[in-house]
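**Q** Following this line is start_24.txt, made up of compact mmCIF, N, CA and C atoms:
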# COMPACT_ATOMS: atom_id res chain seq x y z
N MET F 1 -100.85 -11.48 35.89
CA MET F 1 -100.60 -11.52 37.32
C MET F 1 -101.78 -12.20 38.00
N SER F 2 -101.47 -13.18 38.85
CA SER F 2 -102.54 -13.81 39.61
C SER F 2 -102.82 -12.95 40.85
N ALA F 3 -104.02 -13.07 41.36
CA ALA F 3 -104.42 -12.25 42.50
C ALA F 3 -103.67 -12.68 43.75
N PRO F 4 -103.06 -11.72 44.45
CA PRO F 4 -102.45 -12.05 45.74
C PRO F 4 -103.57 -12.34 46.74
N THR F 5 -103.26 -13.02 47.81
CA THR F 5 -104.28 -13.19 48.84
C THR F 5 -104.55 -11.83 49.48
N GLY F 6 -105.69 -11.72 50.11
CA GLY F 6 -106.00 -10.47 50.79
C GLY F 6 -104.97 -10.14 51.85
N GLY F 7 -104.51 -11.15 52.59
CA GLY F 7 -103.50 -10.93 53.62
C GLY F 7 -102.17 -10.48 53.06
N ASP F 8 -101.75 -11.11 51.95
CA ASP F 8 -100.50 -10.71 51.31
C ASP F 8 -100.58 -9.27 50.81
N LEU F 9 -101.72 -8.91 50.22
CA LEU F 9 -101.90 -7.54 49.73
C LEU F 9 -101.88 -6.55 50.87
N GLN F 10 -102.57 -6.87 51.96
CA GLN F 10 -102.58 -5.97 53.11
C GLN F 10 -101.18 -5.76 53.66
N ALA F 11 -100.41 -6.83 53.74
CA ALA F 11 -99.03 -6.71 54.23
C ALA F 11 -98.20 -5.83 53.29
N MET F 12 -98.37 -6.00 51.98
CA MET F 12 -97.65 -5.19 51.01
C MET F 12 -98.01 -3.71 51.17
N LEU F 13 -99.29 -3.43 51.32
CA LEU F 13 -99.74 -2.05 51.40
C LEU F 13 -99.39 -1.41 52.74
N ARG F 14 -99.43 -2.17 53.82
CA ARG F 14 -99.07 -1.63 55.14
C ARG F 14 -97.63 -1.17 55.19
N ALA F 15 -96.77 -1.79 54.40
CA ALA F 15 -95.35 -1.43 54.38
C ALA F 15 -95.09 -0.09 53.68
N LEU F 16 -96.10 0.45 53.01
CA LEU F 16 -95.95 1.70 52.26
C LEU F 16 -96.23 2.91 53.13
N SER F 17 -95.64 4.03 52.76
CA SER F 17 -95.94 5.30 53.45
C SER F 17 -97.33 5.77 53.06
N ALA F 18 -97.83 6.74 53.78
CA ALA F 18 -99.15 7.30 53.47
C ALA F 18 -99.18 7.87 52.05
N MET F 19 -98.11 8.56 51.66
CA MET F 19 -98.07 9.11 50.30
C MET F 19 -98.02 7.99 49.27
N ASP F 20 -97.25 6.96 49.53
CA ASP F 20 -97.20 5.82 48.61
C ASP F 20 -98.59 5.21 48.44
N ARG F 21 -99.30 5.02 49.55
CA ARG F 21 -100.66 4.44 49.49
C ARG F 21 -101.60 5.34 48.69
N MET F 22 -101.45 6.65 48.87
CA MET F 22 -102.29 7.58 48.12
C MET F 22 -102.03 7.43 46.62
N ILE F 23 -100.76 7.33 46.23
CA ILE F 23 -100.41 7.18 44.82
C ILE F 23 -100.92 5.84 44.29
N VAL F 24 -100.75 4.77 45.06
CA VAL F 24 -101.26 3.46 44.65
C VAL F 24 -102.77 3.53 44.46
N GLY F 25 -103.46 4.19 45.36
CA GLY F 25 -104.91 4.33 45.23
C GLY F 25 -105.29 5.10 43.97
N GLY F 26 -104.56 6.15 43.67
CA GLY F 26 -104.84 6.94 42.47
C GLY F 26 -104.60 6.17 41.19
N VAL F 27 -103.50 5.43 41.15
CA VAL F 27 -103.20 4.63 39.96
C VAL F 27 -104.25 3.52 39.81
N THR F 28 -104.62 2.91 40.92
CA THR F 28 -105.64 1.85 40.87
C THR F 28 -106.97 2.42 40.40
N ALA F 29 -107.31 3.61 40.83
CA ALA F 29 -108.56 4.24 40.38
C ALA F 29 -108.56 4.42 38.86
N TRP F 30 -107.42 4.86 38.31
CA TRP F 30 -107.31 4.99 36.86
C TRP F 30 -107.47 3.63 36.19
N MET F 31 -106.85 2.61 36.77
CA MET F 31 -106.96 1.27 36.20
C MET F 31 -108.42 0.79 36.18
N MET F 32 -109.13 1.08 37.25
CA MET F 32 -110.53 0.67 37.31
C MET F 32 -111.39 1.46 36.33
N ALA F 33 -111.04 2.72 36.12
CA ALA F 33 -111.80 3.56 35.19
C ALA F 33 -111.56 3.17 33.74
N GLU F 34 -110.33 2.69 33.45
CA GLU F 34 -109.98 2.32 32.08
C GLU F 34 -109.27 0.97 32.06
N PRO F 35 -110.00 -0.09 32.43
CA PRO F 35 -109.34 -1.41 32.53
C PRO F 35 -108.74 -1.93 31.23
N GLN F 36 -109.22 -1.46 30.12
CA GLN F 36 -108.67 -1.90 28.83
C GLN F 36 -107.25 -1.39 28.62
N ARG F 37 -106.81 -0.43 29.43
CA ARG F 37 -105.46 0.15 29.26
C ARG F 37 -104.46 -0.36 30.30
N VAL F 38 -104.87 -1.28 31.14
CA VAL F 38 -104.03 -1.75 32.24
C VAL F 38 -102.71 -2.34 31.75
N ARG F 39 -102.68 -2.92 30.57
CA ARG F 39 -101.44 -3.53 30.05
C ARG F 39 -100.58 -2.53 29.28
N ASP F 40 -101.03 -1.31 29.15
CA ASP F 40 -100.30 -0.27 28.43
C ASP F 40 -99.32 0.41 29.40
N ARG F 41 -98.08 -0.03 29.38
CA ARG F 41 -97.08 0.46 30.34
C ARG F 41 -96.87 1.97 30.26
N GLU F 42 -96.90 2.52 29.07
CA GLU F 42 -96.70 3.97 28.92
C GLU F 42 -97.86 4.73 29.56
N TRP F 43 -99.07 4.28 29.34
CA TRP F 43 -100.25 4.92 29.92
C TRP F 43 -100.18 4.87 31.44
N ILE F 44 -99.84 3.70 31.98
CA ILE F 44 -99.72 3.55 33.44
C ILE F 44 -98.63 4.48 33.98
N ALA F 45 -97.49 4.55 33.30
CA ALA F 45 -96.41 5.42 33.75
C ALA F 45 -96.84 6.89 33.74
N GLN F 46 -97.59 7.28 32.73
CA GLN F 46 -98.08 8.66 32.66
C GLN F 46 -99.03 8.96 33.82
N ARG F 47 -99.94 8.03 34.11
CA ARG F 47 -100.87 8.24 35.23
C ARG F 47 -100.08 8.31 36.54
N PHE F 48 -99.08 7.43 36.68
CA PHE F 48 -98.26 7.43 37.89
C PHE F 48 -97.60 8.79 38.09
N VAL F 49 -96.96 9.30 37.05
CA VAL F 49 -96.25 10.58 37.16
C VAL F 49 -97.22 11.71 37.48
N GLU F 50 -98.39 11.73 36.86
CA GLU F 50 -99.38 12.77 37.15
C GLU F 50 -99.78 12.75 38.62
N ILE F 51 -100.07 11.56 39.13
CA ILE F 51 -100.51 11.43 40.51
C ILE F 51 -99.37 11.73 41.47
N ALA F 52 -98.19 11.22 41.18
CA ALA F 52 -97.03 11.48 42.03
C ALA F 52 -96.69 12.97 42.06
N ALA F 53 -96.75 13.62 40.91
CA ALA F 53 -96.45 15.05 40.85
C ALA F 53 -97.41 15.84 41.73
N GLN F 54 -98.68 15.48 41.67
CA GLN F 54 -99.66 16.18 42.50
C GLN F 54 -99.40 15.90 43.98
N ALA F 55 -99.07 14.66 44.32
CA ALA F 55 -98.80 14.32 45.72
C ALA F 55 -97.55 15.03 46.24
N ILE F 56 -96.53 15.11 45.41
CA ILE F 56 -95.25 15.69 45.83
C ILE F 56 -95.31 17.21 45.89
N THR F 57 -95.92 17.83 44.89
CA THR F 57 -95.93 19.29 44.82
C THR F 57 -97.17 19.92 45.46
N GLY F 58 -98.23 19.13 45.58
CA GLY F 58 -99.48 19.67 46.11
C GLY F 58 -100.26 20.47 45.10
N ALA F 59 -99.77 20.53 43.86
CA ALA F 59 -100.44 21.31 42.81
C ALA F 59 -101.18 20.37 41.86
N ALA F 60 -102.36 20.79 41.45
CA ALA F 60 -103.12 20.03 40.46
C ALA F 60 -102.40 20.13 39.12
N PRO F 61 -102.47 19.07 38.30
CA PRO F 61 -101.76 19.07 37.01
C PRO F 61 -102.07 20.28 36.13
N GLU F 62 -103.30 20.74 36.16
CA GLU F 62 -103.66 21.86 35.29
C GLU F 62 -103.10 23.20 35.78
N GLU F 63 -102.60 23.25 37.02
CA GLU F 63 -102.02 24.49 37.53
C GLU F 63 -100.70 24.80 36.85
N ASN F 64 -99.99 23.76 36.40
CA ASN F 64 -98.77 23.94 35.60
C ASN F 64 -97.77 24.90 36.24
N ALA F 65 -97.64 24.82 37.56
CA ALA F 65 -96.75 25.74 38.26
C ALA F 65 -95.51 25.04 38.80
N ALA F 66 -95.16 23.90 38.24
CA ALA F 66 -94.02 23.14 38.74
C ALA F 66 -92.72 23.86 38.47
N THR F 67 -91.88 23.91 39.48
CA THR F 67 -90.56 24.50 39.34
C THR F 67 -89.59 23.42 38.85
N THR F 68 -88.40 23.84 38.51
CA THR F 68 -87.37 22.88 38.11
C THR F 68 -87.08 21.91 39.25
N ASP F 69 -87.07 22.42 40.48
CA ASP F 69 -86.85 21.55 41.65
C ASP F 69 -87.99 20.54 41.78
N ASP F 70 -89.23 20.97 41.55
CA ASP F 70 -90.38 20.05 41.60
C ASP F 70 -90.22 18.93 40.57
N VAL F 71 -89.84 19.31 39.38
CA VAL F 71 -89.67 18.33 38.31
C VAL F 71 -88.59 17.33 38.69
N GLU F 72 -87.52 17.80 39.26
CA GLU F 72 -86.44 16.91 39.67
C GLU F 72 -86.88 15.98 40.80
N ARG F 73 -87.63 16.51 41.76
CA ARG F 73 -88.14 15.67 42.86
C ARG F 73 -89.07 14.58 42.33
N VAL F 74 -89.94 14.94 41.41
CA VAL F 74 -90.87 13.96 40.83
C VAL F 74 -90.09 12.92 40.03
N ARG F 75 -89.11 13.36 39.24
CA ARG F 75 -88.31 12.44 38.44
C ARG F 75 -87.58 11.45 39.34
N ALA F 76 -86.95 11.95 40.39
CA ALA F 76 -86.21 11.08 41.31
C ALA F 76 -87.16 10.10 42.01
N PHE F 77 -88.31 10.60 42.43
CA PHE F 77 -89.29 9.74 43.09
C PHE F 77 -89.76 8.65 42.13
N ALA F 78 -90.10 9.02 40.91
CA ALA F 78 -90.57 8.05 39.93
C ALA F 78 -89.49 7.01 39.64
N GLN F 79 -88.27 7.46 39.53
CA GLN F 79 -87.18 6.54 39.23
C GLN F 79 -87.00 5.50 40.34
N THR F 80 -87.17 5.91 41.58
CA THR F 80 -86.94 4.99 42.69
C THR F 80 -88.19 4.23 43.13
N ARG F 81 -89.36 4.84 43.02
CA ARG F 81 -90.57 4.24 43.60
C ARG F 81 -91.55 3.66 42.58
N MET F 82 -91.48 4.08 41.32
CA MET F 82 -92.48 3.65 40.35
C MET F 82 -92.60 2.13 40.24
N PRO F 83 -91.52 1.38 40.11
CA PRO F 83 -91.70 -0.08 39.95
C PRO F 83 -92.48 -0.72 41.09
N ASP F 84 -92.11 -0.40 42.33
CA ASP F 84 -92.80 -1.00 43.48
C ASP F 84 -94.26 -0.54 43.58
N LEU F 85 -94.50 0.73 43.32
CA LEU F 85 -95.86 1.24 43.47
C LEU F 85 -96.78 0.79 42.33
N ILE F 86 -96.23 0.64 41.14
CA ILE F 86 -97.03 0.09 40.03
C ILE F 86 -97.37 -1.37 40.32
N THR F 87 -96.41 -2.10 40.87
CA THR F 87 -96.66 -3.49 41.26
C THR F 87 -97.77 -3.56 42.30
N ALA F 88 -97.71 -2.68 43.29
CA ALA F 88 -98.74 -2.65 44.33
C ALA F 88 -100.10 -2.27 43.75
N ALA F 89 -100.13 -1.28 42.86
CA ALA F 89 -101.40 -0.87 42.25
C ALA F 89 -101.99 -1.99 41.41
N THR F 90 -101.15 -2.69 40.68
CA THR F 90 -101.62 -3.81 39.87
C THR F 90 -102.15 -4.92 40.75
N ALA F 91 -101.45 -5.23 41.83
CA ALA F 91 -101.91 -6.25 42.77
C ALA F 91 -103.25 -5.85 43.38
N LEU F 92 -103.40 -4.59 43.73
CA LEU F 92 -104.65 -4.09 44.30
C LEU F 92 -105.78 -4.18 43.28
N PHE F 93 -105.51 -3.82 42.05
CA PHE F 93 -106.49 -3.90 40.97
C PHE F 93 -106.96 -5.35 40.77
N VAL F 94 -106.01 -6.27 40.69
CA VAL F 94 -106.33 -7.68 40.46
C VAL F 94 -107.08 -8.27 41.66
N ARG F 95 -106.63 -7.96 42.88
CA ARG F 95 -107.30 -8.47 44.08
C ARG F 95 -108.72 -7.92 44.18
N THR F 96 -108.90 -6.65 43.84
CA THR F 96 -110.23 -6.05 43.88
C THR F 96 -111.16 -6.75 42.90
N ALA F 97 -110.68 -7.02 41.69
CA ALA F 97 -111.49 -7.74 40.70
C ALA F 97 -111.86 -9.12 41.22
N GLU F 98 -110.90 -9.80 41.83
CA GLU F 98 -111.15 -11.14 42.39
C GLU F 98 -112.18 -11.07 43.51
N ASP F 99 -112.05 -10.08 44.40
CA ASP F 99 -113.01 -9.91 45.49
C ASP F 99 -114.41 -9.64 44.95
N LEU F 100 -114.51 -8.79 43.95
CA LEU F 100 -115.82 -8.50 43.35
C LEU F 100 -116.44 -9.77 42.77
N GLN F 101 -115.63 -10.56 42.10
CA GLN F 101 -116.13 -11.79 41.50
C GLN F 101 -116.59 -12.77 42.58
N GLN F 102 -115.81 -12.91 43.64
CA GLN F 102 -116.15 -13.83 44.72
C GLN F 102 -117.40 -13.40 45.47
N GLN F 103 -117.60 -12.09 45.61
CA GLN F 103 -118.77 -11.58 46.32
C GLN F 103 -120.05 -11.74 45.50
N GLY F 104 -119.90 -11.80 44.20
CA GLY F 104 -121.07 -11.90 43.33
C GLY F 104 -121.83 -10.58 43.29
N GLY F 105 -122.90 -10.56 42.56
CA GLY F 105 -123.70 -9.35 42.43
C GLY F 105 -123.15 -8.44 41.35
N ALA F 106 -123.77 -7.28 41.24
CA ALA F 106 -123.39 -6.31 40.22
C ALA F 106 -122.01 -5.73 40.52
N VAL F 107 -121.21 -5.64 39.49
CA VAL F 107 -119.89 -5.01 39.61
C VAL F 107 -120.08 -3.52 39.36
N THR F 108 -119.83 -2.73 40.40
CA THR F 108 -119.98 -1.28 40.28
C THR F 108 -118.71 -0.59 40.78
N MET F 109 -118.52 0.62 40.34
CA MET F 109 -117.38 1.41 40.82
C MET F 109 -117.50 1.66 42.31
N GLU F 110 -118.71 1.84 42.80
CA GLU F 110 -118.90 2.07 44.24
C GLU F 110 -118.38 0.88 45.05
N ARG F 111 -118.73 -0.32 44.63
CA ARG F 111 -118.28 -1.51 45.34
C ARG F 111 -116.77 -1.66 45.21
N ALA F 112 -116.24 -1.43 44.02
CA ALA F 112 -114.79 -1.54 43.80
C ALA F 112 -114.05 -0.51 44.65
N ASN F 113 -114.53 0.72 44.66
CA ASN F 113 -113.88 1.77 45.46
C ASN F 113 -113.90 1.43 46.95
N ALA F 114 -114.98 0.84 47.43
CA ALA F 114 -115.06 0.46 48.83
C ALA F 114 -114.01 -0.60 49.17
N ILE F 115 -113.84 -1.56 48.28
CA ILE F 115 -112.83 -2.61 48.49
C ILE F 115 -111.44 -1.99 48.51
N VAL F 116 -111.16 -1.11 47.55
CA VAL F 116 -109.85 -0.46 47.49
C VAL F 116 -109.59 0.34 48.77
N ARG F 117 -110.57 1.11 49.19
CA ARG F 117 -110.40 1.91 50.42
C ARG F 117 -110.09 1.01 51.62
N ASP F 118 -110.78 -0.13 51.71
CA ASP F 118 -110.52 -1.05 52.83
C ASP F 118 -109.08 -1.56 52.81
N TYR F 119 -108.59 -1.94 51.64
CA TYR F 119 -107.22 -2.43 51.54
C TYR F 119 -106.19 -1.34 51.84
N LEU F 120 -106.51 -0.10 51.51
CA LEU F 120 -105.55 0.99 51.69
C LEU F 120 -105.56 1.61 53.10
N LYS F 121 -106.47 1.16 53.96
CA LYS F 121 -106.48 1.67 55.32
C LYS F 121 -105.14 1.34 56.00
N PRO F 122 -104.60 2.31 56.76
CA PRO F 122 -103.32 2.03 57.43
C PRO F 122 -103.45 0.95 58.50
Could you write out this file's structure as structure tokens?
**A**
Amino acid sequence: MSAPTGGDLQAMLRALSAMDRMIVGGVTAWMMAEPQRVRDREWIAQRFVEIAAQAITGAAPEENAATTDDVERVRAFAQTRMPDLITAATALFVRTAEDLQQQGGAVTMERANAIVRDYLKP
């Protein structure tokens, strides 16, 4: 995937709900933490479901208190939203890498996180 322009990415992200942006930010954070796994679709899908489940139910994954209704809500959400939100997270990841490269200097998680936060602002 080539990097979208900053304007194109901002337009894509502005069209998302607050919860969608939160999930995109979470998936992007995982991508930045483990960039060698970005092409692993199963790994990305697992991270997406973990983050979406927490956003939808409000429970941390280790709490393991999901009801059958919670599981169904997460499944339905993932089925309808995962493709678009994974695309947005990937675009954000690629644009962030491009921005870091263009800015020069040391590539750090702090700098990357700052760029991501700026793009995710409503």
**Q** Taking (-100.1, -0.8, 42.5) in the file's coordinates, which residues come within 7 Å, counting only N, CA and C atoms, written as a compact mmCIF listing (two decimals) with N, CA and C atoms, keeping the file's coordinate frame?
**A**
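Done, and the output landed in out22.txt:
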# COMPACT_ATOMS: atom_id res chain seq x y z
N ILE F 23 -100.76 7.33 46.23
CA ILE F 23 -100.41 7.18 44.82
C ILE F 23 -100.92 5.84 44.29
N VAL F 24 -100.75 4.77 45.06
CA VAL F 24 -101.26 3.46 44.65
C VAL F 24 -102.77 3.53 44.46
N GLY F 25 -103.46 4.19 45.36
CA GLY F 25 -104.91 4.33 45.23
C GLY F 25 -105.29 5.10 43.97
N VAL F 27 -103.50 5.43 41.15
CA VAL F 27 -103.20 4.63 39.96
C VAL F 27 -104.25 3.52 39.81
N THR F 28 -104.62 2.91 40.92
CA THR F 28 -105.64 1.85 40.87
C THR F 28 -106.97 2.42 40.40
N ASP F 84 -92.11 -0.40 42.33
CA ASP F 84 -92.80 -1.00 43.48
C ASP F 84 -94.26 -0.54 43.58
N LEU F 85 -94.50 0.73 43.32
CA LEU F 85 -95.86 1.24 43.47
C LEU F 85 -96.78 0.79 42.33
N ILE F 86 -96.23 0.64 41.14
CA ILE F 86 -97.03 0.09 40.03
C ILE F 86 -97.37 -1.37 40.32
N THR F 87 -96.41 -2.10 40.87
CA THR F 87 -96.66 -3.49 41.26
C THR F 87 -97.77 -3.56 42.30
N ALA F 88 -97.71 -2.68 43.29
CA ALA F 88 -98.74 -2.65 44.33
C ALA F 88 -100.10 -2.27 43.75
N ALA F 89 -100.13 -1.28 42.86
CA ALA F 89 -101.40 -0.87 42.25
C ALA F 89 -101.99 -1.99 41.41
N THR F 90 -101.15 -2.69 40.68
CA THR F 90 -101.62 -3.81 39.87
C THR F 90 -102.15 -4.92 40.75
N ALA F 91 -101.45 -5.23 41.83
CA ALA F 91 -101.91 -6.25 42.77
C ALA F 91 -103.25 -5.85 43.38
N LEU F 92 -103.40 -4.59 43.73
CA LEU F 92 -104.65 -4.09 44.30
C LEU F 92 -105.78 -4.18 43.28
N PHE F 93 -105.51 -3.82 42.05
CA PHE F 93 -106.49 -3.90 40.97
C PHE F 93 -106.96 -5.35 40.77
**Q** Pick out the residues sitting within 6.5 Å of range 69-80 of chain F, and hand them over as a compact mmCIF listing (two decimals) with N, CA and C atoms, keeping the file's coordinate frame; count all atoms listed in the file, and ignore anything fewer than 2 positions along from it in its own chain.
**A**
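Wrote it out as part.txt, contents follow:
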# COMPACT_ATOMS: atom_id res chain seq x y z
N ALA F 52 -98.19 11.22 41.18
CA ALA F 52 -97.03 11.48 42.03
C ALA F 52 -96.69 12.97 42.06
N ALA F 53 -96.75 13.62 40.91
CA ALA F 53 -96.45 15.05 40.85
C ALA F 53 -97.41 15.84 41.73
N THR F 57 -95.92 17.83 44.89
CA THR F 57 -95.93 19.29 44.82
C THR F 57 -97.17 19.92 45.46
N ALA F 66 -95.16 23.90 38.24
CA ALA F 66 -94.02 23.14 38.74
C ALA F 66 -92.72 23.86 38.47
N THR F 67 -91.88 23.91 39.48
CA THR F 67 -90.56 24.50 39.34
C THR F 67 -89.59 23.42 38.85
N MET F 82 -91.48 4.08 41.32
CA MET F 82 -92.48 3.65 40.35
C MET F 82 -92.60 2.13 40.24
N PRO F 83 -91.52 1.38 40.11
CA PRO F 83 -91.70 -0.08 39.95
C PRO F 83 -92.48 -0.72 41.09
N ASP F 84 -92.11 -0.40 42.33
CA ASP F 84 -92.80 -1.00 43.48
C ASP F 84 -94.26 -0.54 43.58
**Q** For a quick check of understanding, using only N, CA and C atoms, which of F:Val94, F:Met19, F:Gly6, F:Gly105 has the smallest distance to Ile56 in chain F?
**A** F:Met19
**Q** Would you work out the distance separating atom C of Arg95 in chain F from CA of Ser2 in chain F, expressed in Å to one decimal?
**A** 9.7 Å
**Q** Just list the residues in range 17-103 of chain F DSSP gives alpha helix (DSSP H) on the backbone, as a ChimeraX atom specification.
**A** /F:18-33,41-57,68-103
**Q** Can you measure atom C of Pro122 in chain F to CA of Arg14 in chain F for me? One decimal in Å is fine.
**A** 6.1 Å
**Q** Find the axis-aligned box for range 38-42 of chain F, covering all its listed atoms and adding 3 Å on each side, and write its centre and edge lengths in Å to one decimal as lines of an AutoDock Vina configuration file.
**A**
center_x = -100.8
center_y = 0.6
center_z = 30.3
size_x = 14.2
size_y = 14.3
size_z = 9.8
**Q** What does the structure give for the distance between atom C of Asp118 in chain F and atom N of Pro4 in chain F, in Å to one decimal?
**A**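 Interatomic distance here is 14.5 Å.
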